[in-house]
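Asker: Sharing upload-v8.txt here; it has compact mmCIF, C-alpha atoms.
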```txt
# COMPACT_ATOMS: atom_id res chain seq x y z
CA MET A 18 -9.99 -12.57 -27.32
CA LYS A 19 -12.76 -14.48 -25.66
CA ILE A 20 -13.93 -13.46 -22.20
CA LYS A 21 -13.67 -16.39 -19.78
CA ASN A 22 -15.43 -14.74 -16.89
CA GLU A 23 -16.72 -11.37 -15.83
CA MET A 24 -17.80 -9.65 -12.62
CA LYS A 25 -18.99 -6.32 -11.32
CA LEU A 26 -18.66 -4.89 -7.81
CA GLU A 27 -20.43 -1.83 -6.44
CA PHE A 28 -19.64 -0.50 -2.99
CA LEU A 29 -19.75 2.69 -0.94
CA SER A 30 -16.76 5.02 -0.96
CA LYS A 31 -15.76 4.05 2.59
CA SER A 32 -12.10 3.43 3.34
CA GLN A 33 -13.01 0.09 4.96
CA ASN A 34 -13.91 -1.09 1.46
CA GLU A 35 -10.33 -0.69 0.17
CA ALA A 36 -9.42 -4.05 1.70
CA PHE A 37 -12.71 -5.61 0.57
CA ALA A 38 -12.17 -4.47 -3.02
CA ARG A 39 -8.58 -5.68 -3.39
CA VAL A 40 -9.31 -9.04 -1.76
CA ALA A 41 -12.44 -9.56 -3.89
CA VAL A 42 -10.60 -8.78 -7.15
CA ALA A 43 -7.68 -11.00 -6.10
CA ALA A 44 -10.09 -13.87 -5.37
CA PHE A 45 -11.62 -13.42 -8.82
CA ALA A 46 -8.18 -13.20 -10.49
CA SER A 47 -7.06 -16.40 -8.78
CA GLN A 48 -9.12 -18.33 -11.36
CA LEU A 49 -6.23 -17.66 -13.77
CA ASP A 50 -3.75 -19.38 -11.40
CA PRO A 51 -1.46 -16.34 -11.01
CA THR A 52 1.74 -16.54 -8.98
CA LEU A 53 1.71 -15.05 -5.48
CA GLU A 54 3.67 -12.10 -6.82
CA GLU A 55 1.21 -11.45 -9.64
CA LEU A 56 -1.66 -11.66 -7.16
CA ALA A 57 0.07 -9.19 -4.81
CA ASP A 58 0.63 -6.84 -7.77
CA ILE A 59 -3.06 -6.94 -8.67
CA LYS A 60 -4.13 -6.39 -5.05
CA THR A 61 -1.85 -3.39 -4.69
CA ALA A 62 -2.90 -1.76 -7.96
CA VAL A 63 -6.60 -2.19 -7.12
CA SER A 64 -5.95 -0.76 -3.66
CA GLU A 65 -4.34 2.33 -5.20
CA ALA A 66 -7.13 2.93 -7.72
CA VAL A 67 -9.90 2.43 -5.14
CA THR A 68 -8.09 4.68 -2.63
CA ASN A 69 -7.87 7.40 -5.29
CA ALA A 70 -11.60 7.12 -5.98
CA ILE A 71 -12.37 7.39 -2.26
CA ILE A 72 -9.93 10.20 -1.37
CA HIS A 73 -9.84 12.24 -4.56
CA GLY A 74 -13.01 11.30 -6.45
CA TYR A 75 -15.46 11.91 -3.64
CA ASP A 76 -15.74 14.12 -0.57
CA SER A 77 -18.32 11.88 1.03
CA SER A 78 -18.19 8.22 2.00
CA ASN A 79 -21.71 7.53 0.74
CA GLU A 80 -20.98 7.56 -2.97
CA ILE A 81 -20.58 4.56 -5.25
CA VAL A 82 -17.34 3.04 -6.52
CA ILE A 83 -17.65 0.44 -9.28
CA ILE A 84 -15.21 -2.27 -10.31
CA ASN A 85 -15.64 -4.25 -13.53
CA ALA A 86 -13.28 -7.14 -14.09
CA ARG A 87 -12.92 -9.51 -17.01
CA LEU A 88 -10.81 -12.62 -17.25
CA TYR A 89 -9.25 -13.71 -20.52
CA ASP A 90 -6.98 -16.72 -21.15
CA ASN A 91 -3.83 -14.90 -20.15
CA CYS A 92 -4.87 -11.63 -18.51
CA ILE A 93 -7.25 -9.76 -16.25
CA ASP A 94 -8.78 -6.46 -17.31
CA ILE A 95 -9.95 -4.31 -14.40
CA GLU A 96 -11.85 -1.01 -14.42
CA VAL A 97 -12.21 1.13 -11.29
CA ILE A 98 -14.84 3.82 -11.79
CA ASP A 99 -16.09 6.76 -9.74
CA TYR A 100 -18.59 9.46 -10.69
CA GLY A 101 -16.92 12.13 -8.57
CA LYS A 102 -14.88 15.23 -9.15
CA GLY A 103 -12.69 13.99 -11.96
CA ILE A 104 -9.07 14.94 -12.64
CA GLU A 105 -8.27 18.30 -14.28
CA ASP A 106 -4.86 17.27 -15.56
CA VAL A 107 -4.38 13.52 -15.89
CA GLU A 108 -0.74 13.84 -17.03
CA LEU A 109 0.12 15.82 -13.90
CA ALA A 110 -1.78 13.42 -11.63
CA ARG A 111 0.24 10.49 -13.05
CA GLN A 112 3.60 12.12 -12.27
CA PRO A 113 5.54 10.34 -9.51
CA LEU A 114 5.37 12.21 -6.18
CA TYR A 115 2.58 14.52 -7.37
CA THR A 116 -0.25 14.76 -4.86
CA SER A 117 -3.14 17.18 -4.62
CA LYS A 118 -3.39 16.38 -0.91
CA PRO A 119 0.06 16.74 0.69
CA GLU A 120 -1.63 17.67 3.97
CA LEU A 121 -2.86 14.07 4.23
CA GLU A 122 0.74 12.81 4.09
CA ARG A 123 0.00 11.20 0.74
CA SER A 124 3.09 10.10 -1.13
CA GLY A 125 1.89 10.82 -4.67
CA MET A 126 3.02 7.35 -5.73
CA GLY A 127 -0.38 5.79 -6.44
CA PHE A 128 -0.30 5.92 -10.24
CA THR A 129 3.40 5.00 -10.28
CA VAL A 130 2.59 1.85 -8.29
CA MET A 131 -0.28 0.99 -10.67
CA GLU A 132 1.95 1.53 -13.72
CA THR A 133 4.79 -0.53 -12.26
CA PHE A 134 2.68 -3.45 -11.06
CA MET A 135 0.30 -3.70 -14.01
CA ASP A 136 1.09 -4.14 -17.71
CA LYS A 137 -1.21 -1.40 -18.96
CA VAL A 138 -2.90 1.53 -17.20
CA GLU A 139 -5.35 3.89 -18.94
CA VAL A 140 -6.96 6.83 -17.17
CA SER A 141 -9.98 8.62 -18.56
CA SER A 142 -11.42 11.48 -16.57
CA ALA A 143 -13.50 14.62 -16.97
CA PRO A 144 -13.90 17.32 -14.31
CA GLY A 145 -17.28 17.02 -12.62
CA GLN A 146 -18.00 13.67 -14.25
CA GLY A 147 -15.64 11.18 -12.69
CA THR A 148 -12.68 8.98 -13.38
CA LYS A 149 -12.16 5.56 -14.90
CA VAL A 150 -8.89 3.71 -14.39
CA ARG A 151 -8.47 0.65 -16.61
CA MET A 152 -5.65 -1.75 -15.80
CA ILE A 153 -4.52 -4.94 -17.51
CA LYS A 154 -2.27 -7.58 -15.99
CA TYR A 155 -0.90 -10.50 -17.98
CA ILE A 156 -0.59 -13.76 -16.10
CA SER A 157 2.41 -15.87 -16.95
CA ILE A 158 1.13 -19.02 -18.62
CA GLU A 159 4.33 -21.03 -17.98
CA ASN A 160 3.68 -20.72 -14.27
CA THR A 161 0.15 -21.99 -14.53
CA GLU A 162 1.27 -24.94 -16.65
CA THR A 163 4.02 -25.87 -14.21
CA GLU A 164 1.62 -25.66 -11.33
CA ARG A 165 -0.93 -27.81 -13.09
CA GLU A 166 1.54 -30.56 -13.91
CA MET B 8 6.56 -6.21 25.12
CA ALA B 9 3.29 -4.50 25.92
CA SER B 10 0.27 -4.06 23.73
CA ILE B 11 -0.23 -0.40 22.85
CA ASP B 12 -3.85 0.09 22.14
CA SER B 13 -6.76 -2.01 23.19
CA THR B 14 -9.24 -0.57 20.69
CA GLN B 15 -10.10 -3.09 18.04
CA GLU B 16 -9.12 -1.06 14.99
CA ALA B 17 -5.66 -0.16 16.26
CA VAL B 18 -4.95 -3.80 17.10
CA GLY B 19 -4.88 -4.38 13.37
CA LEU B 20 -1.60 -2.53 12.93
CA LEU B 21 0.67 -1.88 15.91
CA LYS B 22 1.24 -5.27 17.40
CA SER B 23 3.77 -4.41 20.07
CA TYR B 24 6.57 -2.06 21.00
CA GLU B 25 9.73 -2.08 23.05
CA LYS B 26 12.22 0.60 24.09
CA LYS B 27 15.92 -0.16 24.20
CA GLY B 28 17.74 2.93 25.44
CA ASP B 29 17.04 5.60 22.83
CA ILE B 30 15.75 3.07 20.27
CA LEU B 31 12.03 2.43 19.81
CA ILE B 32 11.24 -0.93 18.25
CA VAL B 33 7.71 -1.30 16.86
CA GLU B 34 6.20 -4.39 15.30
CA LEU B 35 3.56 -3.66 12.67
CA GLU B 36 0.89 -6.18 11.85
CA GLY B 37 -1.81 -6.54 9.21
CA GLU B 38 -2.38 -4.35 6.18
CA LEU B 39 -1.08 -0.79 5.82
CA ASP B 40 -3.47 0.92 3.42
CA HIS B 41 -5.16 4.33 3.44
CA HIS B 42 -7.81 3.09 5.88
CA PHE B 43 -5.25 2.08 8.51
CA ALA B 44 -2.61 4.72 7.71
CA GLY B 45 -4.22 7.36 9.96
CA LYS B 46 -4.32 5.01 12.92
CA ALA B 47 -0.76 3.83 12.35
CA ARG B 48 0.41 7.45 12.19
CA GLU B 49 -1.43 8.39 15.41
CA SER B 50 -0.17 5.38 17.34
CA LEU B 51 3.43 5.85 16.19
CA ASP B 52 3.40 9.59 16.91
CA ARG B 53 2.00 8.98 20.38
CA LEU B 54 4.99 6.74 21.10
CA LEU B 55 7.38 9.26 19.53
CA ASP B 56 6.07 11.94 21.93
CA ASP B 57 8.70 10.44 24.24
CA THR B 58 11.56 12.73 23.24
CA SER B 59 14.22 10.42 24.69
CA ILE B 60 13.66 8.26 21.59
CA ARG B 61 16.21 8.96 18.88
CA HIS B 62 16.02 5.93 16.62
CA LEU B 63 13.08 3.93 15.24
CA ILE B 64 13.11 0.30 14.14
CA LEU B 65 9.98 -0.92 12.33
CA ASN B 66 9.70 -4.70 12.37
CA LEU B 67 7.59 -5.55 9.30
CA LYS B 68 7.56 -9.32 9.80
CA ARG B 69 3.78 -9.42 10.20
CA LEU B 70 2.95 -6.65 7.73
CA ASN B 71 1.10 -8.61 5.05
CA PHE B 72 0.17 -5.78 2.73
CA MET B 73 1.20 -2.22 2.03
CA ASP B 74 0.33 0.26 -0.71
CA SER B 75 1.47 3.82 -1.37
CA SER B 76 -0.42 5.07 1.71
CA GLY B 77 2.26 3.33 3.76
CA ILE B 78 5.02 5.28 1.99
CA GLY B 79 3.55 8.53 3.34
CA VAL B 80 3.43 7.11 6.88
CA PHE B 81 7.09 6.04 6.71
CA ILE B 82 8.29 9.36 5.29
CA GLY B 83 6.40 11.30 7.98
CA ARG B 84 8.00 9.32 10.84
CA TYR B 85 11.41 9.57 9.14
CA LYS B 86 11.12 13.38 9.28
CA ILE B 87 10.48 13.28 13.05
CA ILE B 88 13.44 10.95 13.71
CA LYS B 89 15.74 12.86 11.36
CA ASN B 90 15.06 16.04 13.36
CA ARG B 91 16.40 14.20 16.41
CA GLY B 92 19.53 13.15 14.55
CA GLY B 93 18.49 9.50 14.57
CA GLU B 94 17.81 6.86 11.97
CA VAL B 95 14.84 4.74 10.91
CA CYS B 96 15.39 1.05 10.15
CA VAL B 97 13.00 -1.52 8.68
CA THR B 98 13.41 -5.25 9.21
CA ASN B 99 11.92 -8.58 8.11
CA MET B 100 10.23 -7.26 4.97
CA LYS B 101 8.02 -9.63 3.00
CA PRO B 102 8.74 -9.68 -0.76
CA HIS B 103 5.72 -7.55 -1.64
CA VAL B 104 6.47 -4.91 1.02
CA ASN B 105 10.10 -4.89 -0.11
CA LYS B 106 8.94 -4.26 -3.69
CA ILE B 107 6.95 -1.15 -2.64
CA LEU B 108 9.81 0.19 -0.52
CA GLU B 109 12.25 -0.32 -3.38
CA LEU B 110 9.99 1.19 -6.03
CA SER B 111 9.32 4.29 -3.95
CA GLY B 112 13.02 4.92 -3.29
CA LEU B 113 12.44 4.69 0.46
CA TYR B 114 15.70 2.76 0.94
CA LYS B 115 17.48 6.05 0.37
CA ILE B 116 16.23 7.16 3.78
CA LEU B 117 15.30 3.93 5.60
CA ASN B 118 17.97 1.39 6.48
CA PRO B 119 16.91 -2.20 5.75
CA TYR B 120 18.04 -5.10 7.95
CA ASP B 121 17.14 -8.78 8.03
CA THR B 122 16.39 -8.80 11.74
CA VAL B 123 15.70 -6.40 14.62
CA SER B 124 18.91 -7.37 16.44
CA GLN B 125 20.97 -6.60 13.33
CA ALA B 126 19.27 -3.20 13.14
CA VAL B 127 20.04 -2.52 16.82
CA ASP B 128 23.69 -3.49 16.22
CA GLY B 129 23.78 -1.29 13.13
CA ILE B 130 22.52 1.75 15.03
CA ARG B 131 24.91 1.13 17.96
CA ARG B 132 27.88 0.80 15.59
CA GLU B 133 27.10 4.14 14.00
CA VAL B 134 26.79 5.81 17.39
CA ILE B 135 30.22 4.51 18.45
```
Represent the supplied structure as structure tokens.
Answerer:
Amino acid sequence: MKIKNEMKLEFLSKSQNEAFARVAVAAFASQLDPTLEELADIKTAVSEAVTNAIIHGYDSSNEIVIINARLYDNCIDIEVIDYGKGIEDVELARQPLYTSKPELERSGMGFTVMETFMDKVEVSSAPGQGTKVRMIKYISIENTETERE
Amino acid sequence: MASIDSTQEAVGLLKSYEKKGDILIVELEGELDHHFAGKARESLDRLLDDTSIRHLILNLKRLNFMDSSGIGVFIGRYKIIKNRGGEVCVTNMKPHVNKILELSGLYKILNPYDTVSQAVDGIRREVI
């Protein structure tokens, strides 16, 4: 499928940037005329992936988190990348309620939220090298046509 | 209703609070993500230091965004209230916040109501 538009964001692993990242990706995604619900789903999934990079990927808030996003006719493809610690056991990390940081009152629902709100979630990670979360969300075309009429 | 914290960052989340007998009613505002979760937790726990409080109502009317960081905050406060034999209610959820609460199974421990006054009535009924 042909790429309609593409963007890349790089920002420091500061928690203040969680809001920046989800709002920036949502603004980019809005070019596809998503519904409010689809937009909220994208914002939430990006927030989860970026929070993971900041809390679990890095120990310091001066590292770099990268987001690549591509727009196609009917979907947005988003990658959230960190070059931090990586995940030893991706299957375990994706389990609902699993958290490696219970002391932070984390719910362990981050990946579950991403999987529920997005149509496809792929995680590639290697200990010591970092983690890449790739998420795809299809945007309902009927909605965009109705809105355009 | 009095404003809780005058520091700029806390203003982003706890809008106001009110005590009705043993019920604490707190209105949350803004976006409950990991960045604000710590502040929300601190502010709520400071209010819950008042041990005469048995029940907690969280008015989510102005909560525009929440991710899984918020789930942890809600579960933590539920544990405190449960130890006092009380209940935690949430009211006025926006569709997106409702979706997160539903997905996470939080409605098994939090009681949802349309409005704060319905939540107050609900708590009073159970007490009687």
Asker: For each of A:Asn69, A:Ser124, A:Asn91, A:Ser142, take the minimum atom-to-atom distance to chain B, counting only C-alpha atoms, then give the residue where this is smallest.
Answerer: A:Ser124
Asker: Starting from chain B, keep only residues with some atom at most 7 Å from an atom of chain A, counting only C-alpha atoms, and report them as a list in words.
Answerer: His41, His42, Asp74, Ser75, Ser76, Ile78, Gly79, Val80 and His103 of chain B
Asker: Using only C-alpha atoms, can you list as a PDB file with C-alpha atoms, keeping the file's coordinate frame the residues within 10 Å of (-14.6, -12.5, -7.9)?
Answerer:
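What ended up in result.pdb:
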```pdb
ATOM      1  CA  ASN A  22     -15.430 -14.740 -16.890  1.00  0.00           C
ATOM      2  CA  GLU A  23     -16.720 -11.370 -15.830  1.00  0.00           C
ATOM      3  CA  MET A  24     -17.800  -9.650 -12.620  1.00  0.00           C
ATOM      4  CA  LYS A  25     -18.990  -6.320 -11.320  1.00  0.00           C
ATOM      5  CA  LEU A  26     -18.660  -4.890  -7.810  1.00  0.00           C
ATOM      6  CA  ALA A  38     -12.170  -4.470  -3.020  1.00  0.00           C
ATOM      7  CA  VAL A  40      -9.310  -9.040  -1.760  1.00  0.00           C
ATOM      8  CA  ALA A  41     -12.440  -9.560  -3.890  1.00  0.00           C
ATOM      9  CA  VAL A  42     -10.600  -8.780  -7.150  1.00  0.00           C
ATOM     10  CA  ALA A  43      -7.680 -11.000  -6.100  1.00  0.00           C
ATOM     11  CA  ALA A  44     -10.090 -13.870  -5.370  1.00  0.00           C
ATOM     12  CA  PHE A  45     -11.620 -13.420  -8.820  1.00  0.00           C
ATOM     13  CA  ALA A  46      -8.180 -13.200 -10.490  1.00  0.00           C
ATOM     14  CA  SER A  47      -7.060 -16.400  -8.780  1.00  0.00           C
ATOM     15  CA  GLN A  48      -9.120 -18.330 -11.360  1.00  0.00           C
ATOM     16  CA  ALA A  86     -13.280  -7.140 -14.090  1.00  0.00           C
ATOM     17  CA  ARG A  87     -12.920  -9.510 -17.010  1.00  0.00           C
TER      18      ARG A  87
END
```
Asker: May I have the protein, DNA and RNA residues with any atom at most 9 Å from the point (-13.9, 2.8, -10.3), counting all atoms listed in the file, written as a PyMOL selection string?
Answerer: chain A and resi 27+66-67+70+81-85+96-100+147-151
Asker: Residues within 7 Å of Lys21 of chain A, please, as a list of chain:residue names. Count only C-alpha atoms; anything in the same chain fewer than 2 positions from it doesn't count.
Answerer: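 The residues that qualify are A:Lys19, A:Leu88, A:Tyr89, A:Asp90.
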Asker: To one decimal place, how far is atom CA of Phe72 of chain B from atom CA of Leu108 of chain B in Å?
Answerer: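 These two atoms are separated by 11.8 Å.
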Asker: What's around Ile64 of chain B at 7 Å? Count all atoms listed in the file, leave out sequence neighbours fewer than 2 positions away in its own chain, and write the answer as a PDB file with C-alpha atoms, in the coordinates of the input.
Answerer:
```pdb
ATOM      1  CA  LEU B  31      12.030   2.430  19.810  1.00  0.00           C
ATOM      2  CA  ILE B  32      11.240  -0.930  18.250  1.00  0.00           C
ATOM      3  CA  VAL B  33       7.710  -1.300  16.860  1.00  0.00           C
ATOM      4  CA  HIS B  62      16.020   5.930  16.620  1.00  0.00           C
ATOM      5  CA  ASN B  66       9.700  -4.700  12.370  1.00  0.00           C
ATOM      6  CA  VAL B  95      14.840   4.740  10.910  1.00  0.00           C
ATOM      7  CA  CYS B  96      15.390   1.050  10.150  1.00  0.00           C
ATOM      8  CA  VAL B  97      13.000  -1.520   8.680  1.00  0.00           C
TER       9      VAL B  97
END
```
Asker: Generate the missing atoms of segment 34-60 of chain B up to N, CA, C and O atoms and report them as a PDB file, in the frame of the given file.
Answerer:
```pdb
ATOM      1  N   GLU B  34       6.567  -3.325  16.232  1.00  0.00           N
ATOM      2  CA  GLU B  34       6.200  -4.390  15.300  1.00  0.00           C
ATOM      3  C   GLU B  34       4.839  -4.055  14.684  1.00  0.00           C
ATOM      4  O   GLU B  34       3.852  -3.883  15.388  1.00  0.00           O
ATOM      5  N   LEU B  35       4.819  -3.933  13.364  1.00  0.00           N
ATOM      6  CA  LEU B  35       3.560  -3.660  12.670  1.00  0.00           C
ATOM      7  C   LEU B  35       2.929  -4.973  12.230  1.00  0.00           C
ATOM      8  O   LEU B  35       3.615  -5.934  11.926  1.00  0.00           O
ATOM      9  N   GLU B  36       1.608  -4.949  12.177  1.00  0.00           N
ATOM     10  CA  GLU B  36       0.890  -6.180  11.850  1.00  0.00           C
ATOM     11  C   GLU B  36      -0.293  -5.848  10.937  1.00  0.00           C
ATOM     12  O   GLU B  36      -0.900  -4.790  11.080  1.00  0.00           O
ATOM     13  N   GLY B  37      -0.613  -6.718  10.021  1.00  0.00           N
ATOM     14  CA  GLY B  37      -1.810  -6.540   9.210  1.00  0.00           C
ATOM     15  C   GLY B  37      -1.548  -5.866   7.883  1.00  0.00           C
ATOM     16  O   GLY B  37      -0.577  -6.174   7.209  1.00  0.00           O
ATOM     17  N   GLU B  38      -2.426  -4.930   7.507  1.00  0.00           N
ATOM     18  CA  GLU B  38      -2.380  -4.350   6.180  1.00  0.00           C
ATOM     19  C   GLU B  38      -2.321  -2.823   6.271  1.00  0.00           C
ATOM     20  O   GLU B  38      -3.231  -2.200   6.824  1.00  0.00           O
ATOM     21  N   LEU B  39      -1.266  -2.245   5.747  1.00  0.00           N
ATOM     22  CA  LEU B  39      -1.080  -0.790   5.820  1.00  0.00           C
ATOM     23  C   LEU B  39      -1.594  -0.140   4.540  1.00  0.00           C
ATOM     24  O   LEU B  39      -0.866   0.014   3.567  1.00  0.00           O
ATOM     25  N   ASP B  40      -2.885   0.204   4.559  1.00  0.00           N
ATOM     26  CA  ASP B  40      -3.470   0.920   3.420  1.00  0.00           C
ATOM     27  C   ASP B  40      -3.950   2.276   3.898  1.00  0.00           C
ATOM     28  O   ASP B  40      -3.675   2.672   5.031  1.00  0.00           O
ATOM     29  N   HIS B  41      -4.677   2.999   3.061  1.00  0.00           N
ATOM     30  CA  HIS B  41      -5.160   4.330   3.440  1.00  0.00           C
ATOM     31  C   HIS B  41      -6.054   4.263   4.677  1.00  0.00           C
ATOM     32  O   HIS B  41      -5.980   5.099   5.563  1.00  0.00           O
ATOM     33  N   HIS B  42      -6.886   3.207   4.753  1.00  0.00           N
ATOM     34  CA  HIS B  42      -7.810   3.090   5.880  1.00  0.00           C
ATOM     35  C   HIS B  42      -7.077   3.006   7.220  1.00  0.00           C
ATOM     36  O   HIS B  42      -7.503   3.601   8.199  1.00  0.00           O
ATOM     37  N   PHE B  43      -5.969   2.257   7.251  1.00  0.00           N
ATOM     38  CA  PHE B  43      -5.250   2.080   8.510  1.00  0.00           C
ATOM     39  C   PHE B  43      -4.096   3.063   8.697  1.00  0.00           C
ATOM     40  O   PHE B  43      -3.505   3.127   9.778  1.00  0.00           O
ATOM     41  N   ALA B  44      -3.778   3.827   7.632  1.00  0.00           N
ATOM     42  CA  ALA B  44      -2.610   4.720   7.710  1.00  0.00           C
ATOM     43  C   ALA B  44      -2.772   5.759   8.830  1.00  0.00           C
ATOM     44  O   ALA B  44      -1.830   6.028   9.577  1.00  0.00           O
ATOM     45  N   GLY B  45      -3.974   6.328   8.941  1.00  0.00           N
ATOM     46  CA  GLY B  45      -4.220   7.360   9.960  1.00  0.00           C
ATOM     47  C   GLY B  45      -3.986   6.815  11.362  1.00  0.00           C
ATOM     48  O   GLY B  45      -3.367   7.473  12.203  1.00  0.00           O
ATOM     49  N   LYS B  46      -4.464   5.609  11.590  1.00  0.00           N
ATOM     50  CA  LYS B  46      -4.320   5.010  12.920  1.00  0.00           C
ATOM     51  C   LYS B  46      -2.873   4.657  13.198  1.00  0.00           C
ATOM     52  O   LYS B  46      -2.369   4.823  14.317  1.00  0.00           O
ATOM     53  N   ALA B  47      -2.175   4.173  12.183  1.00  0.00           N
ATOM     54  CA  ALA B  47      -0.760   3.830  12.350  1.00  0.00           C
ATOM     55  C   ALA B  47       0.033   5.087  12.699  1.00  0.00           C
ATOM     56  O   ALA B  47       0.888   5.082  13.586  1.00  0.00           O
ATOM     57  N   ARG B  48      -0.264   6.172  11.983  1.00  0.00           N
ATOM     58  CA  ARG B  48       0.410   7.450  12.190  1.00  0.00           C
ATOM     59  C   ARG B  48       0.180   7.944  13.614  1.00  0.00           C
ATOM     60  O   ARG B  48       1.123   8.295  14.322  1.00  0.00           O
ATOM     61  N   GLU B  49      -1.093   7.930  14.053  1.00  0.00           N
ATOM     62  CA  GLU B  49      -1.430   8.390  15.410  1.00  0.00           C
ATOM     63  C   GLU B  49      -0.718   7.572  16.463  1.00  0.00           C
ATOM     64  O   GLU B  49      -0.120   8.116  17.393  1.00  0.00           O
ATOM     65  N   SER B  50      -0.769   6.249  16.325  1.00  0.00           N
ATOM     66  CA  SER B  50      -0.170   5.380  17.340  1.00  0.00           C
ATOM     67  C   SER B  50       1.342   5.573  17.393  1.00  0.00           C
ATOM     68  O   SER B  50       1.931   5.641  18.468  1.00  0.00           O
ATOM     69  N   LEU B  51       1.976   5.677  16.224  1.00  0.00           N
ATOM     70  CA  LEU B  51       3.430   5.850  16.190  1.00  0.00           C
ATOM     71  C   LEU B  51       3.811   7.214  16.781  1.00  0.00           C
ATOM     72  O   LEU B  51       4.746   7.317  17.579  1.00  0.00           O
ATOM     73  N   ASP B  52       3.066   8.252  16.414  1.00  0.00           N
ATOM     74  CA  ASP B  52       3.400   9.590  16.910  1.00  0.00           C
ATOM     75  C   ASP B  52       3.199   9.700  18.412  1.00  0.00           C
ATOM     76  O   ASP B  52       3.916  10.424  19.091  1.00  0.00           O
ATOM     77  N   ARG B  53       2.220   8.979  18.938  1.00  0.00           N
ATOM     78  CA  ARG B  53       2.000   8.980  20.380  1.00  0.00           C
ATOM     79  C   ARG B  53       3.239   8.412  21.081  1.00  0.00           C
ATOM     80  O   ARG B  53       3.698   8.918  22.089  1.00  0.00           O
ATOM     81  N   LEU B  54       3.784   7.336  20.513  1.00  0.00           N
ATOM     82  CA  LEU B  54       4.990   6.740  21.100  1.00  0.00           C
ATOM     83  C   LEU B  54       6.191   7.671  20.931  1.00  0.00           C
ATOM     84  O   LEU B  54       7.041   7.770  21.817  1.00  0.00           O
ATOM     85  N   LEU B  55       6.236   8.378  19.802  1.00  0.00           N
ATOM     86  CA  LEU B  55       7.380   9.260  19.530  1.00  0.00           C
ATOM     87  C   LEU B  55       7.287  10.574  20.310  1.00  0.00           C
ATOM     88  O   LEU B  55       8.218  11.380  20.281  1.00  0.00           O
ATOM     89  N   ASP B  56       6.164  10.783  21.028  1.00  0.00           N
ATOM     90  CA  ASP B  56       6.070  11.940  21.930  1.00  0.00           C
ATOM     91  C   ASP B  56       7.155  11.855  23.001  1.00  0.00           C
ATOM     92  O   ASP B  56       7.552  12.861  23.583  1.00  0.00           O
ATOM     93  N   ASP B  57       7.595  10.668  23.300  1.00  0.00           N
ATOM     94  CA  ASP B  57       8.700  10.440  24.240  1.00  0.00           C
ATOM     95  C   ASP B  57       9.987  10.920  23.557  1.00  0.00           C
ATOM     96  O   ASP B  57      10.538  10.257  22.687  1.00  0.00           O
ATOM     97  N   THR B  58      10.460  12.093  23.961  1.00  0.00           N
ATOM     98  CA  THR B  58      11.560  12.730  23.240  1.00  0.00           C
ATOM     99  C   THR B  58      12.927  12.088  23.535  1.00  0.00           C
ATOM    100  O   THR B  58      13.926  12.476  22.943  1.00  0.00           O
ATOM    101  N   SER B  59      12.943  11.115  24.467  1.00  0.00           N
ATOM    102  CA  SER B  59      14.220  10.420  24.690  1.00  0.00           C
ATOM    103  C   SER B  59      14.477   9.411  23.575  1.00  0.00           C
ATOM    104  O   SER B  59      15.568   8.847  23.466  1.00  0.00           O
ATOM    105  N   ILE B  60      13.473   9.186  22.721  1.00  0.00           N
ATOM    106  CA  ILE B  60      13.660   8.260  21.590  1.00  0.00           C
ATOM    107  C   ILE B  60      14.364   8.971  20.441  1.00  0.00           C
ATOM    108  O   ILE B  60      13.935  10.031  20.003  1.00  0.00           O
TER     109      ILE B  60
END
```
